[in-house]
Amino acid sequence: MTTDLETRAAAARPGVLRRAAPALLGYAAVRALGLVVLALWSEARGKSAYTLLTARWDSLWYTRVAELGYGYEVRLPNGDVHSNLAFFPLLPWLERLAAAVSPLSYADGGFVVSLLASLAAAWGIFAVAGHLYGPRAGVCAVLLWAVLPVGIVQSMAYSESLFTALAAWALYAVLTGHWVTAGLLAGLAGLTRPVGLAVVAAVWAAGIAAFLRERSGSSFVGDGSAVPAAGARGDGHAGPTPDAPRTGAPYGAPQPPHSPGVRLRRVAGMLLAPLGAAGYVLWVGARTGDGPLGYLEVQAGWRNGFDGGYAFARFVAGRFTSFPSALAGVALIAGVALVVWLYVLCVRRRQPLPLLVYAGTVTALALCASSYFGSKPRLLMPAFPLLLPLALALARARTRLLAAGLGAAAAASAAYGAFWLNGSGPP
């Protein structure tokens, strides 16, 4: 009988790290290139690259929470109230811990946490992709995530890297049938960003699907994991089919699905998953006196809300009022179409249900929120399952062609990140 403790111990074995080493080394190289280009670009403009990474926009709000706690707010001339209650607490807690046990400042702590979390996120993405499609696809998925145009955010004192790490490992725990671990990680993700709801939804969707499988007496209920066991292929060759996940049991469960112990851990994981987000939202409601909807009122002070994409559609339409800005409008439409197309590919390639639910929720919250529109690319960054169809295609390419393509993408990402961060940057 495999336990969560045994699984964590296995993850620490040198062989596991050795398999992930190509992905982690490649990821570190891409991020190092981005930081070097940022440093050179910022120096040429008379700016501090480190300040850009640790002491602008949301980074300042996180460090202020770490230093002074909650209760700080800014009242704008138009009546809007920007409260630091909008920022979830896990990153500030870790910044405070780093400052308490080392000579680091809160900003330094945020930078270190983000660097370590980005490596943990890369490892988690490799674990998910490698589990489903093999190690080569796992390496490609990690490198694709690294070379995203807004990949520089992965090195900032922001919460995206921390959240992606928790989400990726939570999804891996679900896929391998370790429900308590998945619930704990989902709870921590819910303490990191509002989009932690996506991880909770993934855990619950997988749990409900598992219960339905038990009631129907079927091993699979359209979860994308129904492939021949033991790596057999229907075409008579060894290994999984190119596009099908490699999981040979429901979410890789190591025990019989009808085992009482499995059911108990599944229920425990599902109950643990929403505690982080629910706890913080209810605490904010109690602190503001606005009840369970208090957090929504805090977000409204930042002009954040969920309008089904109406405000974003108006923003895109407004780009077509003149010729230069019309090009930006076309690019925005193409970007949204690409995201939707990738999600459709994920569905057609029969990704496991928890990945589809997670990626779909992250995408919907990013595209349909009325928040600042320049934030949407980084809000989409945690939706790494969208990259898996591309990773699978790249895994079939020749190594030289793959290296050349990803190298060019890394250089472009580094240049764009330096340009972006020295300009308007992420809000």
# chains A, B, ... in the order shown; residues from 1 in each chain; ligands from 1
>>> residues_around(residues="stretch 70-81 of chain A", least_positions_apart="6", cutoff="12 Å", atoms="only C-alpha atoms", output="JSON, numbers by chain")
{"A": [60, 61, 62, 63, 64, 87, 88, 89, 92, 93, 283, 284, 287, 288, 297, 298, 299, 300, 301, 302, 303, 304]}
>>> write_last_selection(atoms="N, CA and C atoms", output="tab-separated table (two decimals), in the first residue's frame")
chain	number	residue	atom	x	y	z
A	60	LEU	N	5.54	45.67	-4.23
A	60	LEU	CA	5.51	46.60	-3.11
A	60	LEU	C	4.36	46.29	-2.16
A	61	TRP	N	3.22	45.90	-2.72
A	61	TRP	CA	2.08	45.57	-1.87
A	61	TRP	C	2.36	44.32	-1.04
A	62	TYR	N	3.00	43.33	-1.67
A	62	TYR	CA	3.32	42.10	-0.92
A	62	TYR	C	4.30	42.38	0.21
A	63	THR	N	5.36	43.15	-0.07
A	63	THR	CA	6.34	43.43	0.97
A	63	THR	C	5.74	44.29	2.08
A	64	ARG	N	4.80	45.16	1.73
A	64	ARG	CA	4.15	45.97	2.76
A	64	ARG	C	3.31	45.10	3.68
A	87	PHE	N	-4.61	41.18	-1.58
A	87	PHE	CA	-3.46	40.32	-1.82
A	87	PHE	C	-3.45	39.16	-0.82
A	88	PHE	N	-3.47	37.95	-1.36
A	88	PHE	CA	-3.54	36.75	-0.53
A	88	PHE	C	-2.23	36.58	0.26
A	89	PRO	N	-2.26	35.87	1.39
A	89	PRO	CA	-1.19	36.01	2.38
A	89	PRO	C	0.02	35.08	2.25
A	92	PRO	N	3.47	36.87	1.29
A	92	PRO	CA	3.98	37.73	2.38
A	92	PRO	C	4.42	36.93	3.61
A	93	TRP	N	3.71	35.85	3.92
A	93	TRP	CA	4.16	35.01	5.05
A	93	TRP	C	5.56	34.45	4.80
A	283	TRP	N	-12.20	35.52	6.39
A	283	TRP	CA	-11.49	36.43	7.30
A	283	TRP	C	-11.59	37.86	6.81
A	284	VAL	N	-11.43	38.08	5.52
A	284	VAL	CA	-11.56	39.43	4.97
A	284	VAL	C	-12.96	39.96	5.19
A	287	ARG	N	-13.26	40.99	8.74
A	287	ARG	CA	-12.47	42.19	9.04
A	287	ARG	C	-13.12	43.45	8.49
A	288	THR	N	-13.69	43.35	7.28
A	288	THR	CA	-14.33	44.52	6.67
A	288	THR	C	-15.75	44.73	7.17
A	297	GLU	N	-16.00	43.09	-2.42
A	297	GLU	CA	-16.02	44.55	-2.26
A	297	GLU	C	-14.60	45.11	-2.30
A	298	VAL	N	-13.66	44.39	-1.69
A	298	VAL	CA	-12.26	44.82	-1.74
A	298	VAL	C	-11.77	44.84	-3.18
A	299	GLN	N	-12.07	43.80	-3.95
A	299	GLN	CA	-11.66	43.77	-5.35
A	299	GLN	C	-12.35	44.84	-6.18
A	300	ALA	N	-13.58	45.14	-5.84
A	300	ALA	CA	-14.29	46.20	-6.56
A	300	ALA	C	-13.59	47.54	-6.40
A	301	GLY	N	-12.94	47.75	-5.24
A	301	GLY	CA	-12.18	48.98	-5.04
A	301	GLY	C	-11.01	49.09	-5.99
A	302	TRP	N	-10.55	47.96	-6.51
A	302	TRP	CA	-9.48	47.94	-7.51
A	302	TRP	C	-10.03	47.89	-8.94
A	303	ARG	N	-11.35	48.00	-9.07
A	303	ARG	CA	-12.03	47.87	-10.37
A	303	ARG	C	-11.86	46.47	-10.95
A	304	ASN	N	-11.76	45.47	-10.07
A	304	ASN	CA	-11.67	44.09	-10.50
A	304	ASN	C	-13.02	43.41	-10.29
>>> closest_atom_pairs(of="stretch 13-80 of chain A", to="stretch 113-125 of chain A", cutoff="8 Å", atoms="only C-alpha atoms", output="Markdown table")
| residue | atom | partner | partner_atom | distance |
| --- | --- | --- | --- | --- |
| A:Ala20 | CA | A:Trp123 | CA | 6.6 |
| A:Ala23 | CA | A:Ala122 | CA | 7.4 |
| A:Leu24 | CA | A:Ala122 | CA | 6.5 |
| A:Tyr27 | CA | A:Ala122 | CA | 7.1 |
| A:Ala28 | CA | A:Leu119 | CA | 7.6 |
>>> write_last_selection(atoms="N, CA and C atoms", output="short mmCIF file (atom, residue, chain, number, x, y, z; two decimals), in the first residue's frame")
data_model
loop_
_atom_site.label_atom_id
_atom_site.label_comp_id
_atom_site.auth_asym_id
_atom_site.auth_seq_id
_atom_site.Cartn_x
_atom_site.Cartn_y
_atom_site.Cartn_z
N ALA A 20 14.49 14.70 -13.89
CA ALA A 20 14.01 16.07 -14.09
C ALA A 20 15.14 17.03 -14.41
N ALA A 23 15.21 19.15 -17.69
CA ALA A 23 14.18 20.20 -17.70
C ALA A 23 14.57 21.35 -16.78
N LEU A 24 15.08 21.05 -15.59
CA LEU A 24 15.42 22.09 -14.63
C LEU A 24 16.63 22.90 -15.09
N TYR A 27 15.46 25.08 -17.93
CA TYR A 27 14.67 26.18 -17.39
C TYR A 27 15.57 27.24 -16.76
N ALA A 28 16.54 26.79 -15.95
CA ALA A 28 17.44 27.74 -15.30
C ALA A 28 18.24 28.54 -16.32
#
>>> select_by_dssp(residues="stretch 72-308 of chain A", states="helix (DSSP H, G or I)", output="PyMOL selection string")
chain A and resi 84-86+90-101+106-133+135-146+151-155+160-175+179-190+196-216+229-231+250-252+260-272+275-288+291-301
>>> closest_atom_pairs(of="stretch 12-79 of chain A", to="stretch 403-410 of chain A", cutoff="10 Å", atoms="only C-alpha atoms", output="JSON lines")
{"residue": "A:Tyr27", "atom": "CA", "partner": "A:Ala410", "partner_atom": "CA", "distance": 9.9}
{"residue": "A:Ala29", "atom": "CA", "partner": "A:Ala410", "partner_atom": "CA", "distance": 9.3}
{"residue": "A:Val30", "atom": "CA", "partner": "A:Ala410", "partner_atom": "CA", "distance": 6.0}
{"residue": "A:Arg31", "atom": "CA", "partner": "A:Ala410", "partner_atom": "CA", "distance": 8.6}
{"residue": "A:Leu33", "atom": "CA", "partner": "A:Ala410", "partner_atom": "CA", "distance": 7.7}
{"residue": "A:Gly34", "atom": "CA", "partner": "A:Ala410", "partner_atom": "CA", "distance": 7.8}
>>> atom_distance(atom1="atom CA of A:Phe384", atom2="atom CA of A:Ala359")
7.3 Å
>>> residues_around(residues="A:Ala311", least_positions_apart="5", cutoff="10 Å", atoms="only C-alpha atoms", output="PyMOL selection string")
chain A and resi 305-306+316-317+367-373
